[in-house]
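Let me begin by presenting the structure, written as structure tokens, before commenting on it.
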Amino acid sequence: MTTTTRSVPRRRLVDRLPVLKQLHQSVGIQRGMLVTGLVLTGIFIVSAFLAPLIAPYGFSQIRDESGTFGTQQPPSAQHILGTTVSGFDVFSRVVWGAQTALGVVVIAVALSIVAGVLLGLVSGYFGGWLDRVLVVVCDAVYAFPSLLLAIVMSIVISGGQSSLWGGIFAAAISITVVFIPQYFRVIRAETVRIKAEAFVESARVIGASNGRIMFRHVLRNATRTLPLIFTLNASEAILTLAGLGFLGFGIEPTAAAEWGFDLNRAIADVSSGIWWTAVPPGIAIVLTVLGVTLVGESLNDLSDPRLRGRRAVAADAGAVAETSVVPGGSIDPGTIDGTDGRA
Amino acid sequence: MLVRFLLIFPTIFILVTLVFLLMRTTGDPITAALGGRLTADQLAERVAAAGYDRPLFVQYLEYLGQIFTGNFGTTLSDNRPVLEVLVVYGAATVELAFYALIVAFIVGIPLGMIAAYFRDKAPDAVLRILAILFYATPVFFAGLLLKLVFAVTLKWLPVSGRASTSTELQFALLDGRSGIYLVDAIRSGDAEVIGDVLSHAVLPGLALGLLTAGVFLRLVRANMIGTLGTDYVDAARSRGVSEFRLVRTHAYRPALIPIITVIGLQVAMLLGGAVLTETTFEWKGLGFQLSEYLQARDFVAVQGIVVLLAVIVAVTNFIVDIVAALIDPRVRY
């Protein structure tokens, strides 16, 4: 792969930057989906970083100079989305929730990429009984309902509930375990394929060590698919975090704001007709997941010449070999678009 | 086929081992459930009596032996055999999953066909966004919204539960009841009871079903795009077969095979989703019970339920593989 790119004339920088390239490549509905996704994801990330500036109150604040907020207050000028059953400002908690979600997603995906890639690389490169054992274990874990696995992990890690960073790490590690098999599978398959390539053999003949071949020659060529799985997993991570929070395995409300936990507290409110505690955190989850999924889906489509809009194919035909993600086909929608095992 | 059957066992074995080891790294279940409420001496006594002070490996072997004989232990919080809990509440979960699958089939498959037929045109774009929305909406939020609109505001349907109290009482008197309310209601022959059970099922079934419908929609669309492009569909069209029939029969049937294989994975998703749906609607099934036991920190019960679900998932995947092999002669085990 690396050898062929040399002969292709280098394209403009704009065309080579990851997401920008696809944006440039896309047409029609596909561009609309990608842009919508990028905008939603952008709003999510901005609210996560600027939460202290955007949110009028703290996530666990129940009083200001003029006294306590009151519980289950309907939306008003002071609390534009009302207050919760515990007397928190709903809008502030929704904004702060973005911070928690982003933290968990980043940690969870980073951890599972590191662990999954390492295991996949070692397993695919060395083969043998270790490979067989790892494949069977990962398949078993993969088939299991991911939410249940995350519950078990969060019991193990934190015994259920904990502080801000403790909680974020517990949630992130719980989600990590669910994702490792996905990265493992993809990287292992790529490693097995690349291992047979001539350049790996050449490296071995020169006398390169196993470690050098694995990380320098194989890994660099096996990571093309990662950005895709990354976006698709990020959305699943948000949903798993919300599911954990909804079952009471999230982060303590005084330690951080978490959308799933707030929805759990809103179950009783809904039965008595109070909508403003349930709808905002729910919409926040939906829009965030929608945004990240749209980006992932569009990148997936654009990376597969058969799914890409017609005009773009003609214009960019030269780059197909480089961008096609899975050799010989698209990624099976049932296995990595995050729709399976989701709870 | 025998090889595929034997493959069930390592899967179940790995999951059981994994769950056992993970749950035990937090300490023994008795300390987890009662720690803080008893003195250290009393606690040690209870732990010793239950055998949790023995080496982990001995406990593990004993646990495997117990599971093999169908003994999943006794819950700590309400002192019932886990197997009994599984049977009683499992029926409710099966019923919910059944409703959800019906919704998923009715909604997902026709919409998937439409999306495939109008590929890259407006209906396809709308349906694809819809499928992503179904996926992006957490099942409990969908449940809460449905509840808010149809149960609380419009008052068309009940807010929660599997049936109204009078119906539940009537079922309690029924001998030889199946635990599956729809079956019991039909057996009672009372139209009002059947209506009551069904009206309670609509919202939970929709919430969980729409999530799965999104997956079906995408699957049907992807597979039908493949079959719609084949030569025999063109041949049929040139013979004058109607467009409806073309989609309904020629393109749909062959597209069904890959869908069936993916349903196996959907079962795992349905079970995970059932935990959340049941909590939302106070549907007294395994998932609802699981979250109750989690709150009570009753890890014996949690372990039992999780292991049972693992067995269900492994067995379903096996059945699905066999069905796929029967439908498609190219697949062989």
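By order in the structure tokens, chains are A, B, ...; within a chain, residues start at 1; ligands start at 1, following the order shown.
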task = Go through stretch 89-264 of chain A and collect every residue that DSSP, computed from the backbone, puts in alpha helix (DSSP H); the answer should be as number ranges by chain.
result = A: 90-126, 128-143, 146-158, 164-195, 198-206, 210-212, 219-222, 226-246, 259-264
request  = Identify every residue of chain B that has at least one atom within 6 Å of any atom of chain A, counting only C-alpha atoms, and report the result as a PyMOL selection string.
outcome  = chain B and resi 11+26+136-137+141+148+152+268-269+272-273
Residue subset to file, keeping all heavy atoms, as a PDB file, in the first residue's frame:
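Below is the file selection.pdb, written as the result:
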```pdb
ATOM      1  N   THR B  11     -18.669 -21.560  24.143  1.00  0.00           N
ATOM      2  CA  THR B  11     -19.205 -20.194  24.291  1.00  0.00           C
ATOM      3  C   THR B  11     -19.827 -20.020  25.670  1.00  0.00           C
ATOM      4  O   THR B  11     -19.521 -19.074  26.399  1.00  0.00           O
ATOM      5  CB  THR B  11     -20.269 -19.937  23.210  1.00  0.00           C
ATOM      6  OG1 THR B  11     -19.731 -20.294  21.959  1.00  0.00           O
ATOM      7  CG2 THR B  11     -20.689 -18.487  23.199  1.00  0.00           C
ATOM      8  N   THR B  26     -14.928  -8.691  43.044  1.00  0.00           N
ATOM      9  CA  THR B  26     -15.433  -7.655  43.951  1.00  0.00           C
ATOM     10  C   THR B  26     -15.552  -8.181  45.376  1.00  0.00           C
ATOM     11  O   THR B  26     -15.916  -7.453  46.274  1.00  0.00           O
ATOM     12  CB  THR B  26     -16.829  -7.183  43.536  1.00  0.00           C
ATOM     13  OG1 THR B  26     -17.621  -8.339  43.314  1.00  0.00           O
ATOM     14  CG2 THR B  26     -16.792  -6.333  42.316  1.00  0.00           C
ATOM     15  N   ALA B 136     -30.609   5.806  17.131  1.00  0.00           N
ATOM     16  CA  ALA B 136     -30.017   6.811  18.011  1.00  0.00           C
ATOM     17  C   ALA B 136     -30.871   7.077  19.245  1.00  0.00           C
ATOM     18  O   ALA B 136     -30.379   7.625  20.224  1.00  0.00           O
ATOM     19  CB  ALA B 136     -29.808   8.112  17.239  1.00  0.00           C
ATOM     20  N   THR B 137     -32.141   6.684  19.186  1.00  0.00           N
ATOM     21  CA  THR B 137     -33.006   6.928  20.340  1.00  0.00           C
ATOM     22  C   THR B 137     -32.855   5.793  21.325  1.00  0.00           C
ATOM     23  O   THR B 137     -33.176   4.659  20.999  1.00  0.00           O
ATOM     24  CB  THR B 137     -34.472   7.028  19.895  1.00  0.00           C
ATOM     25  OG1 THR B 137     -34.539   7.909  18.782  1.00  0.00           O
ATOM     26  CG2 THR B 137     -35.340   7.547  21.014  1.00  0.00           C
ATOM     27  N   PHE B 141     -35.712   6.118  26.358  1.00  0.00           N
ATOM     28  CA  PHE B 141     -36.236   7.447  26.041  1.00  0.00           C
ATOM     29  C   PHE B 141     -37.439   7.319  25.111  1.00  0.00           C
ATOM     30  O   PHE B 141     -38.460   7.995  25.301  1.00  0.00           O
ATOM     31  CB  PHE B 141     -35.145   8.311  25.402  1.00  0.00           C
ATOM     32  CG  PHE B 141     -35.603   9.698  25.049  1.00  0.00           C
ATOM     33  CD1 PHE B 141     -36.208  10.500  26.007  1.00  0.00           C
ATOM     34  CD2 PHE B 141     -35.458  10.196  23.770  1.00  0.00           C
ATOM     35  CE1 PHE B 141     -36.640  11.775  25.685  1.00  0.00           C
ATOM     36  CE2 PHE B 141     -35.885  11.474  23.449  1.00  0.00           C
ATOM     37  CZ  PHE B 141     -36.483  12.261  24.403  1.00  0.00           C
ATOM     38  N   LEU B 148     -45.458   9.345  27.674  1.00  0.00           N
ATOM     39  CA  LEU B 148     -45.871  10.735  27.884  1.00  0.00           C
ATOM     40  C   LEU B 148     -47.008  11.093  26.935  1.00  0.00           C
ATOM     41  O   LEU B 148     -47.996  11.699  27.332  1.00  0.00           O
ATOM     42  CB  LEU B 148     -44.663  11.647  27.633  1.00  0.00           C
ATOM     43  CG  LEU B 148     -44.761  13.087  28.102  1.00  0.00           C
ATOM     44  CD1 LEU B 148     -44.928  13.118  29.607  1.00  0.00           C
ATOM     45  CD2 LEU B 148     -43.489  13.834  27.718  1.00  0.00           C
ATOM     46  N   VAL B 152     -50.032   9.272  29.231  1.00  0.00           N
ATOM     47  CA  VAL B 152     -50.295  10.338  30.196  1.00  0.00           C
ATOM     48  C   VAL B 152     -51.149  11.457  29.584  1.00  0.00           C
ATOM     49  O   VAL B 152     -52.159  11.862  30.157  1.00  0.00           O
ATOM     50  CB  VAL B 152     -48.965  10.911  30.738  1.00  0.00           C
ATOM     51  CG1 VAL B 152     -49.233  12.049  31.706  1.00  0.00           C
ATOM     52  CG2 VAL B 152     -48.161   9.817  31.408  1.00  0.00           C
ATOM     53  N   ALA B 268     -29.534 -10.996  21.114  1.00  0.00           N
ATOM     54  CA  ALA B 268     -28.715 -10.421  22.173  1.00  0.00           C
ATOM     55  C   ALA B 268     -29.107  -8.969  22.411  1.00  0.00           C
ATOM     56  O   ALA B 268     -29.231  -8.513  23.552  1.00  0.00           O
ATOM     57  CB  ALA B 268     -27.235 -10.508  21.801  1.00  0.00           C
ATOM     58  N   MET B 269     -29.355  -8.249  21.309  1.00  0.00           N
ATOM     59  CA  MET B 269     -29.731  -6.852  21.436  1.00  0.00           C
ATOM     60  C   MET B 269     -31.104  -6.712  22.087  1.00  0.00           C
ATOM     61  O   MET B 269     -31.319  -5.844  22.942  1.00  0.00           O
ATOM     62  CB  MET B 269     -29.744  -6.223  20.051  1.00  0.00           C
ATOM     63  CG  MET B 269     -29.885  -4.743  20.061  1.00  0.00           C
ATOM     64  SD  MET B 269     -29.895  -4.094  18.397  1.00  0.00           S
ATOM     65  CE  MET B 269     -31.628  -3.909  18.155  1.00  0.00           C
ATOM     66  N   GLY B 272     -30.796  -7.228  25.820  1.00  0.00           N
ATOM     67  CA  GLY B 272     -30.235  -6.041  26.454  1.00  0.00           C
ATOM     68  C   GLY B 272     -31.260  -4.919  26.501  1.00  0.00           C
ATOM     69  O   GLY B 272     -31.440  -4.257  27.520  1.00  0.00           O
ATOM     70  N   GLY B 273     -31.976  -4.746  25.370  1.00  0.00           N
ATOM     71  CA  GLY B 273     -32.987  -3.710  25.304  1.00  0.00           C
ATOM     72  C   GLY B 273     -34.146  -3.996  26.242  1.00  0.00           C
ATOM     73  O   GLY B 273     -34.753  -3.084  26.801  1.00  0.00           O
TER      74      GLY B 273
END
```
Pairwise distance for atom CA of A:Gly167 and atom CA of A:Ala48, rounded to one decimal in Å = 16.9 Å
message = Please return, as JSON, numbers by chain, all residues of stretch 31-237 of chain A that DSSP assigns to strand (DSSP E) on the basis of the backbone.
response = {"A": [63, 64, 67, 68]}
Can those selected residues be exported to a file as a PDB file, in the first residue's frame so that it contains C-alpha atoms?
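Result file selection.pdb:
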```pdb
ATOM      1  CA  ARG A  63     -29.766  27.290  45.186  1.00  0.00           C
ATOM      2  CA  ASP A  64     -28.498  30.719  44.233  1.00  0.00           C
ATOM      3  CA  GLY A  67     -32.821  30.940  47.566  1.00  0.00           C
ATOM      4  CA  THR A  68     -33.383  27.337  46.461  1.00  0.00           C
TER       5      THR A  68
END
```
key: Test item: residues at most 12 Å from B:Leu146, only C-alpha atoms, excluding those fewer than 6 positions along its chain, as a ChimeraX atom specification   = /A:267,270-271,275,278-279 /B:139-140,152-160,202-208,210,277,280-281
ask   = A:Val117, A:Ala255, A:Leu40, A:Val46: which is nearest A:Met214, counting only C-alpha atoms?
value =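 Using only C-alpha atoms, A:Met214 sits closest to A:Val117.
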task = Name all residues at most 8 Å from B:Gly73 (count only C-alpha atoms; drop same-chain ones fewer than 4 positions away) and give them as a count of residues only.
result = 7
ask   = Between atom CA of B:Val307 and atom CA of B:Tyr63, what is the distance, to one decimal in Å?
value =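 These atoms are spaced 11.5 Å apart.
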key: Contacts of stretch 176-187 of chain A within 8 Å, only C-alpha atoms, excl. fewer than 6 positions in-chain, as number ranges by chain   = A: 108-109, 111-113, 115-121, 124, 135, 138-139, 141-142, 146, 149-150, 153, 222-223, 225-226, 229, 233, 336
Those residues with N, CA, C and O atoms, as an mmCIF file, in the first residue's frame please?
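Heads up, here's the output in again.cif:
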```
data_model
loop_
_atom_site.group_PDB
_atom_site.id
_atom_site.type_symbol
_atom_site.label_atom_id
_atom_site.label_comp_id
_atom_site.auth_asym_id
_atom_site.auth_seq_id
_atom_site.Cartn_x
_atom_site.Cartn_y
_atom_site.Cartn_z
ATOM 1 N N ALA A 108 -13.127 5.579 26.666
ATOM 2 C CA ALA A 108 -13.534 4.221 26.298
ATOM 3 C C ALA A 108 -12.966 3.838 24.946
ATOM 4 O O ALA A 108 -12.388 2.757 24.784
ATOM 5 N N VAL A 109 -13.104 4.726 23.967
ATOM 6 C CA VAL A 109 -12.658 4.362 22.634
ATOM 7 C C VAL A 109 -11.132 4.258 22.593
ATOM 8 O O VAL A 109 -10.586 3.331 21.999
ATOM 9 N N LEU A 111 -9.077 3.473 25.070
ATOM 10 C CA LEU A 111 -8.651 2.239 25.738
ATOM 11 C C LEU A 111 -8.936 1.017 24.878
ATOM 12 O O LEU A 111 -8.093 0.129 24.746
ATOM 13 N N SER A 112 -10.133 0.969 24.267
ATOM 14 C CA SER A 112 -10.448 -0.243 23.518
ATOM 15 C C SER A 112 -9.627 -0.319 22.241
ATOM 16 O O SER A 112 -9.298 -1.419 21.806
ATOM 17 N N ILE A 113 -9.284 0.825 21.650
ATOM 18 C CA ILE A 113 -8.426 0.762 20.467
ATOM 19 C C ILE A 113 -7.061 0.197 20.854
ATOM 20 O O ILE A 113 -6.564 -0.738 20.227
ATOM 21 N N ALA A 115 -6.147 -1.658 23.474
ATOM 22 C CA ALA A 115 -6.199 -3.069 23.858
ATOM 23 C C ALA A 115 -6.553 -3.948 22.662
ATOM 24 O O ALA A 115 -5.898 -4.969 22.415
ATOM 25 N N GLY A 116 -7.584 -3.545 21.907
ATOM 26 C CA GLY A 116 -8.028 -4.358 20.782
ATOM 27 C C GLY A 116 -6.963 -4.478 19.709
ATOM 28 O O GLY A 116 -6.732 -5.557 19.166
ATOM 29 N N VAL A 117 -6.291 -3.366 19.421
ATOM 30 C CA VAL A 117 -5.265 -3.386 18.379
ATOM 31 C C VAL A 117 -4.090 -4.265 18.807
ATOM 32 O O VAL A 117 -3.606 -5.096 18.033
ATOM 33 N N LEU A 118 -3.641 -4.103 20.056
ATOM 34 C CA LEU A 118 -2.516 -4.917 20.526
ATOM 35 C C LEU A 118 -2.846 -6.396 20.455
ATOM 36 O O LEU A 118 -2.080 -7.198 19.909
ATOM 37 N N LEU A 119 -4.022 -6.767 20.996
ATOM 38 C CA LEU A 119 -4.406 -8.175 21.001
ATOM 39 C C LEU A 119 -4.541 -8.699 19.573
ATOM 40 O O LEU A 119 -4.069 -9.793 19.255
ATOM 41 N N GLY A 120 -5.190 -7.911 18.722
ATOM 42 C CA GLY A 120 -5.407 -8.344 17.346
ATOM 43 C C GLY A 120 -4.101 -8.543 16.606
ATOM 44 O O GLY A 120 -3.914 -9.508 15.865
ATOM 45 N N LEU A 121 -3.176 -7.615 16.848
ATOM 46 C CA LEU A 121 -1.873 -7.663 16.190
ATOM 47 C C LEU A 121 -1.093 -8.907 16.614
ATOM 48 O O LEU A 121 -0.607 -9.681 15.781
ATOM 49 N N GLY A 124 -3.016 -12.146 15.456
ATOM 50 C CA GLY A 124 -2.937 -12.391 14.022
ATOM 51 C C GLY A 124 -1.524 -12.684 13.560
ATOM 52 O O GLY A 124 -1.306 -13.493 12.672
ATOM 53 N N VAL A 135 -9.587 -15.753 19.772
ATOM 54 C CA VAL A 135 -10.713 -15.653 18.840
ATOM 55 C C VAL A 135 -11.987 -16.195 19.481
ATOM 56 O O VAL A 135 -13.045 -15.561 19.424
ATOM 57 N N CYS A 138 -13.145 -13.780 22.257
ATOM 58 C CA CYS A 138 -13.716 -12.548 21.710
ATOM 59 C C CYS A 138 -15.066 -12.801 21.058
ATOM 60 O O CYS A 138 -15.981 -11.988 21.175
ATOM 61 N N ASP A 139 -15.203 -13.938 20.378
ATOM 62 C CA ASP A 139 -16.499 -14.254 19.772
ATOM 63 C C ASP A 139 -17.567 -14.423 20.839
ATOM 64 O O ASP A 139 -18.698 -13.972 20.676
ATOM 65 N N VAL A 141 -17.609 -13.095 23.870
ATOM 66 C CA VAL A 141 -17.915 -11.791 24.457
ATOM 67 C C VAL A 141 -18.748 -10.965 23.490
ATOM 68 O O VAL A 141 -19.689 -10.275 23.870
ATOM 69 N N TYR A 142 -18.426 -11.087 22.205
ATOM 70 C CA TYR A 142 -19.111 -10.307 21.181
ATOM 71 C C TYR A 142 -20.583 -10.678 21.092
ATOM 72 O O TYR A 142 -21.446 -9.829 20.857
ATOM 73 N N SER A 146 -24.320 -6.458 25.185
ATOM 74 C CA SER A 146 -23.233 -5.589 25.648
ATOM 75 C C SER A 146 -23.594 -4.842 26.922
ATOM 76 O O SER A 146 -22.742 -4.613 27.778
ATOM 77 N N LEU A 149 -22.866 -6.994 29.917
ATOM 78 C CA LEU A 149 -21.426 -7.073 30.155
ATOM 79 C C LEU A 149 -20.946 -5.793 30.829
ATOM 80 O O LEU A 149 -20.155 -5.820 31.787
ATOM 81 N N ALA A 150 -21.454 -4.657 30.338
ATOM 82 C CA ALA A 150 -21.057 -3.377 30.927
ATOM 83 C C ALA A 150 -21.516 -3.293 32.381
ATOM 84 O O ALA A 150 -20.800 -2.754 33.231
ATOM 85 N N MET A 153 -19.160 -5.365 34.441
ATOM 86 C CA MET A 153 -17.887 -4.667 34.588
ATOM 87 C C MET A 153 -17.988 -3.498 35.565
ATOM 88 O O MET A 153 -17.093 -3.263 36.370
ATOM 89 N N ALA A 222 -2.424 -1.707 8.810
ATOM 90 C CA ALA A 222 -3.658 -2.382 9.238
ATOM 91 C C ALA A 222 -4.655 -1.422 9.857
ATOM 92 O O ALA A 222 -5.740 -1.813 10.228
ATOM 93 N N THR A 223 -4.285 -0.151 9.995
ATOM 94 C CA THR A 223 -5.123 0.755 10.776
ATOM 95 C C THR A 223 -6.095 1.577 9.933
ATOM 96 O O THR A 223 -6.771 2.436 10.461
ATOM 97 N N THR A 225 -8.954 1.015 8.740
ATOM 98 C CA THR A 225 -10.370 0.901 9.070
ATOM 99 C C THR A 225 -10.714 1.561 10.397
ATOM 100 O O THR A 225 -11.868 1.794 10.680
ATOM 101 N N LEU A 226 -9.708 1.861 11.214
ATOM 102 C CA LEU A 226 -10.000 2.308 12.577
ATOM 103 C C LEU A 226 -10.873 3.566 12.668
ATOM 104 O O LEU A 226 -11.789 3.588 13.477
ATOM 105 N N ILE A 229 -14.618 2.551 12.529
ATOM 106 C CA ILE A 229 -15.133 1.851 13.703
ATOM 107 C C ILE A 229 -15.168 2.815 14.867
ATOM 108 O O ILE A 229 -16.062 2.761 15.707
ATOM 109 N N ASN A 233 -18.392 3.328 17.021
ATOM 110 C CA ASN A 233 -18.347 2.930 18.422
ATOM 111 C C ASN A 233 -18.621 4.094 19.360
ATOM 112 O O ASN A 233 -19.160 3.908 20.440
ATOM 113 N N ILE A 336 -20.516 -4.089 12.367
ATOM 114 C CA ILE A 336 -19.798 -3.011 13.024
ATOM 115 C C ILE A 336 -20.491 -1.670 13.005
ATOM 116 O O ILE A 336 -19.937 -0.695 13.448
#
```
request  = Rank B:Tyr99, B:Arg237, B:Thr93, B:Val16 by their smallest atom-to-atom distance to B:Thr279, using only C-alpha atoms, and report the top residue only.
outcome  = B:Thr93
request  = Work out how far apart atom CA of A:Val114 and atom CA of A:Ala208 are and give it in Å to one decimal.
outcome  =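 Interatomic distance, atom CA of A:Val114 to atom CA of A:Ala208: 23.3 Å.
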Selected residue of minimal separation from B:Ala115 among B:Leu228, B:Ala310, B:Leu43, B:Ile322, counting only C-alpha atoms =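 Smallest separation from B:Ala115 among the options: B:Leu228.
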key: Near-A:Asn210 list (12 Å; only C-alpha atoms; drop same-chain fewer than 5 positions) as a list of chain:residue names   =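 So the residues in contact are A:Leu121, A:Val122, A:Tyr125, A:Phe126, A:Lys195, A:Val200, A:Glu201, A:Ala203, A:Arg204, A:Val205, A:Phe215, A:Arg216, A:His217, A:Val218, A:Leu219.
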